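Asks: My structure is stored as upload04.csv, with CSV, C-alpha atoms.
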chain,number,residue,atom,x,y,z
A,28,GLN,CA,-67.1,11.3,10.1
A,29,VAL,CA,-67.8,14.7,8.6
A,30,GLN,CA,-65.5,15.9,5.9
A,31,LEU,CA,-65.5,19.1,3.8
A,32,VAL,CA,-63.3,19.1,0.7
A,33,GLU,CA,-62.5,22.3,-1.2
A,34,SER,CA,-61.4,22.2,-4.8
A,35,GLY,CA,-60.9,24.5,-7.8
A,36,GLY,CA,-58.2,26.8,-6.5
A,37,GLY,CA,-55.3,27.9,-8.7
A,38,LEU,CA,-53.3,30.7,-10.2
A,39,VAL,CA,-55.1,33.4,-12.1
A,40,GLN,CA,-54.3,36.9,-13.4
A,41,ALA,CA,-56.0,39.9,-11.9
A,42,GLY,CA,-59.3,40.6,-13.5
A,43,ASN,CA,-60.1,37.0,-14.2
A,44,SER,CA,-62.5,34.6,-12.6
A,45,LEU,CA,-62.3,31.4,-10.6
A,46,ARG,CA,-64.8,29.1,-9.0
A,47,VAL,CA,-64.0,27.1,-5.9
A,48,SER,CA,-66.2,24.2,-4.8
A,49,CYS,CA,-66.9,22.5,-1.5
A,50,ALA,CA,-68.1,19.0,-1.2
A,51,ALA,CA,-69.4,17.2,2.0
A,52,SER,CA,-69.1,13.7,3.0
A,53,GLY,CA,-70.4,11.9,6.1
A,54,ARG,CA,-73.4,14.3,6.2
A,55,THR,CA,-75.2,16.1,3.4
A,56,PHE,CA,-75.2,19.9,3.3
A,57,SER,CA,-78.9,19.9,3.9
A,58,SER,CA,-78.2,18.7,7.5
A,59,TYR,CA,-76.4,22.0,8.2
A,60,ALA,CA,-78.0,25.4,8.8
A,61,ALA,CA,-75.4,27.3,6.8
A,62,VAL,CA,-72.1,27.0,4.8
A,63,GLY,CA,-69.5,29.7,4.8
A,64,TRP,CA,-66.4,30.6,3.0
A,65,PHE,CA,-63.4,32.1,4.8
A,66,ARG,CA,-59.9,32.9,3.6
A,67,GLN,CA,-56.5,33.4,5.2
A,68,ALA,CA,-53.6,35.2,3.6
A,69,PRO,CA,-50.0,34.8,4.7
A,70,GLY,CA,-49.4,36.6,8.0
A,71,LYS,CA,-53.1,37.6,8.3
A,72,GLU,CA,-56.0,36.3,10.4
A,73,ARG,CA,-58.7,34.1,8.8
A,74,GLU,CA,-61.5,36.4,7.5
A,75,PHE,CA,-65.1,35.9,6.5
A,76,VAL,CA,-65.8,36.0,2.8
A,77,ALA,CA,-69.3,34.7,2.2
A,78,ALA,CA,-72.0,32.4,3.6
A,79,ILE,CA,-75.3,30.9,2.6
A,80,ARG,CA,-78.2,29.7,4.7
A,81,TRP,CA,-79.2,26.3,3.4
A,82,ARG,CA,-83.0,26.5,4.1
A,83,ASN,CA,-83.8,29.8,2.4
A,84,GLY,CA,-80.6,30.4,0.4
A,85,ARG,CA,-80.0,33.8,1.9
A,86,THR,CA,-76.5,35.0,1.3
A,87,TYR,CA,-74.0,37.2,3.1
A,88,TYR,CA,-70.8,38.8,1.9
A,89,ALA,CA,-67.8,40.6,3.2
A,90,ASP,CA,-67.7,44.2,2.0
A,91,SER,CA,-64.4,43.5,0.3
A,92,VAL,CA,-66.0,40.9,-2.1
A,93,LYS,CA,-69.5,42.2,-2.4
A,94,GLY,CA,-70.5,42.6,-6.1
A,95,ARG,CA,-67.5,40.4,-7.2
A,96,PHE,CA,-68.1,37.0,-5.4
A,97,THR,CA,-71.2,34.9,-5.4
A,98,VAL,CA,-71.9,32.0,-3.1
A,99,SER,CA,-74.4,29.4,-4.3
A,100,ARG,CA,-75.5,25.8,-3.6
A,101,ASP,CA,-76.5,22.9,-5.7
A,102,ASN,CA,-78.9,20.8,-3.7
A,103,ALA,CA,-78.9,17.9,-6.3
A,104,LYS,CA,-75.1,17.7,-6.3
A,105,ASP,CA,-74.8,18.5,-2.7
A,106,MET,CA,-72.2,21.1,-3.5
A,107,VAL,CA,-71.5,24.7,-2.5
A,108,TYR,CA,-69.6,27.1,-4.8
A,109,LEU,CA,-67.9,30.4,-4.5
A,110,GLN,CA,-67.7,32.2,-7.9
A,111,MET,CA,-65.0,34.8,-7.8
A,112,ASN,CA,-65.0,37.4,-10.5
A,113,SER,CA,-62.8,40.5,-11.1
A,114,LEU,CA,-60.1,39.0,-8.9
A,115,LYS,CA,-57.5,41.2,-7.3
A,116,PRO,CA,-54.0,40.4,-6.0
A,117,GLU,CA,-55.4,41.0,-2.5
A,118,ASP,CA,-57.8,38.1,-2.9
A,119,THR,CA,-54.8,35.8,-2.8
A,120,ALA,CA,-55.3,33.4,0.2
A,121,VAL,CA,-56.2,29.9,1.2
A,122,TYR,CA,-59.9,29.6,0.9
A,123,TYR,CA,-61.8,27.4,3.4
A,124,CYS,CA,-65.4,26.2,3.4
A,125,ALA,CA,-67.0,25.6,6.8
A,126,ALA,CA,-70.4,24.2,7.9
A,127,ASP,CA,-72.5,25.6,10.7
A,128,ARG,CA,-74.9,23.2,12.4
A,129,THR,CA,-77.2,25.8,14.0
A,130,GLY,CA,-77.1,29.0,12.0
A,131,TRP,CA,-78.0,31.0,15.2
A,132,GLY,CA,-75.3,33.7,14.7
A,133,THR,CA,-74.4,36.1,12.0
A,134,LEU,CA,-72.5,33.5,10.0
A,135,THR,CA,-69.6,35.9,9.7
A,136,SER,CA,-67.2,34.7,12.4
A,137,SER,CA,-65.1,31.5,12.5
A,138,PRO,CA,-66.2,30.3,16.0
A,139,GLU,CA,-69.8,29.9,14.7
A,140,TYR,CA,-68.7,27.0,12.4
A,141,HIS,CA,-68.4,23.4,13.5
A,142,TYR,CA,-66.7,21.8,10.5
A,143,TRP,CA,-63.9,22.9,8.3
A,144,GLY,CA,-62.2,21.8,5.1
A,145,GLN,CA,-58.5,21.8,4.5
A,146,GLY,CA,-58.5,24.7,2.2
A,147,THR,CA,-57.6,25.5,-1.4
A,148,GLN,CA,-55.0,28.0,-2.5
A,149,VAL,CA,-56.1,30.9,-4.7
A,150,THR,CA,-53.3,33.1,-6.1
A,151,VAL,CA,-54.0,36.2,-8.1
A,152,SER,CA,-51.1,37.7,-10.0
A,153,SER,CA,-51.0,41.3,-11.0
Could you show the structure in this file as structure tokens?
Replies:
Amino acid sequence: QVQLVESGGGLVQAGNSLRVSCAASGRTFSSYAAVGWFRQAPGKEREFVAAIRWRNGRTYYADSVKGRFTVSRDNAKDMVYLQMNSLKPEDTAVYYCAADRTGWGTLTSSPEYHYWGQGTQVTVSS
């Protein structure tokens, strides 16, 4: 059974940094085409944050986080990370990692992903 588990969320002040992690069990990340990060704030729809193609490491970002967030992978540890710098109160949300088996799409929409984690809460105080 495939499981994705996020960790590293928490409460930070605006302007600070936080790194959230995603671990896979059941299958290694190398068996997926891509891994993405999404977030959902209270009362809002889930939105794309960042993604990385596993084979070539190409990354994609939402405009709202470009230049502040970095998605990366560690092949040896089989982990995916989202480094979040210069955090803003509007970054407050539950952050989810997701895995895409095919990588055929743009990697920016939820339906493209086949497996999801339970999410980790990130709260940014002003």
Asks: For Gly63 in chain A, which of A:Ala125, A:Val107, A:Val92, A:Ala120 is the closest residue, counting all atoms listed in the file?
Replies: A:Ala125
Asks: Given all atoms listed in the file as the basis, pick out the residue of A:Gly132, A:Pro116, A:Pro138, A:Gly146 nearest to Leu38 in chain A.
Replies: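 Selected residue with least distance to Leu38 in chain A: A:Pro116.
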Asks: Write out as a ChimeraX atom specification the residues lying within 10 Å of Thr147 in chain A, counting all atoms listed in the file and excluding same-chain residues fewer than 6 positions away.
Replies: /A:32-37,47-49,66,120-124
Asks: Grab the CA of Val76 in chain A to CA of Gln28 in chain A distance for me, in Å with one decimal place.
Replies: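 Answer for the CA of Val76 in chain A to CA of Gln28 in chain A separation: 25.8 Å.
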Asks: With all atoms listed in the file as the basis for distance, which of A:Arg46, A:Arg95, A:Arg100, A:Arg54 is at the shortest distance from Ile79 in chain A?
Replies: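 Between A:Arg46, A:Arg95, A:Arg100, A:Arg54, the residue approaching Ile79 in chain A most closely is A:Arg100.
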Asks: Go ahead and compute the interatomic distance for CA of Tyr88 in chain A and CA of Ala61 in chain A, in Å to one decimal.
Replies: 13.3 Å
Asks: Give me the residues near Arg82 in chain A as a PDB file with C-alpha atoms, in the coordinates of the input, where near means some atom within 10 Å (using only C-alpha atoms) and where sequence neighbours in that chain fewer than 2 positions away do not count.
Replies:
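New file result.pdb:
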ATOM      1  CA  SER A  57     -78.900  19.900   3.900  1.00  0.00           C
ATOM      2  CA  SER A  58     -78.200  18.700   7.500  1.00  0.00           C
ATOM      3  CA  TYR A  59     -76.400  22.000   8.200  1.00  0.00           C
ATOM      4  CA  ALA A  60     -78.000  25.400   8.800  1.00  0.00           C
ATOM      5  CA  ALA A  61     -75.400  27.300   6.800  1.00  0.00           C
ATOM      6  CA  ILE A  79     -75.300  30.900   2.600  1.00  0.00           C
ATOM      7  CA  ARG A  80     -78.200  29.700   4.700  1.00  0.00           C
ATOM      8  CA  GLY A  84     -80.600  30.400   0.400  1.00  0.00           C
ATOM      9  CA  ARG A  85     -80.000  33.800   1.900  1.00  0.00           C
TER      10      ARG A  85
END
Asks: Calculated over all atoms listed in the file, which of the candidates A:Glu72, A:Glu139, A:Asp127, A:Asp118 has the smallest distance to Gln40 in chain A?
Replies: A:Asp118
Asks: Between A:Trp64, A:Trp81, A:Val29, A:Tyr140, single out the one closest to Met111 in chain A, counting all atoms listed in the file.
Replies: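 The shortest atom-to-atom distance to Met111 in chain A comes from A:Trp64.
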Asks: Quick one: distance from CA of Gly70 in chain A to CA of Lys93 in chain A in Å, one decimal?
Replies: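 Going from CA of Gly70 in chain A over to CA of Lys93 in chain A covers 23.3 Å.
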Asks: Smallest atom-to-atom distance to Ser91 in chain A: which of A:Thr129, A:Ser113, A:Gln30, A:Ser52, using all atoms listed in the file?
Replies: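 Residue with the minimum atom-to-atom distance to Ser91 in chain A: A:Ser113.
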Asks: Env of Ala41 in chain A: 9 Å cut, atoms = only C-alpha atoms, seq-sep filter 4 positions within chain, self excluded. Answer as a CSV table (one decimal) with C-alpha atoms, in the coordinates of the input.
Replies:
chain,number,residue,atom,x,y,z
A,113,SER,CA,-62.8,40.5,-11.1
A,114,LEU,CA,-60.1,39.0,-8.9
A,115,LYS,CA,-57.5,41.2,-7.3
A,116,PRO,CA,-54.0,40.4,-6.0
A,151,VAL,CA,-54.0,36.2,-8.1
A,152,SER,CA,-51.1,37.7,-10.0
A,153,SER,CA,-51.0,41.3,-11.0
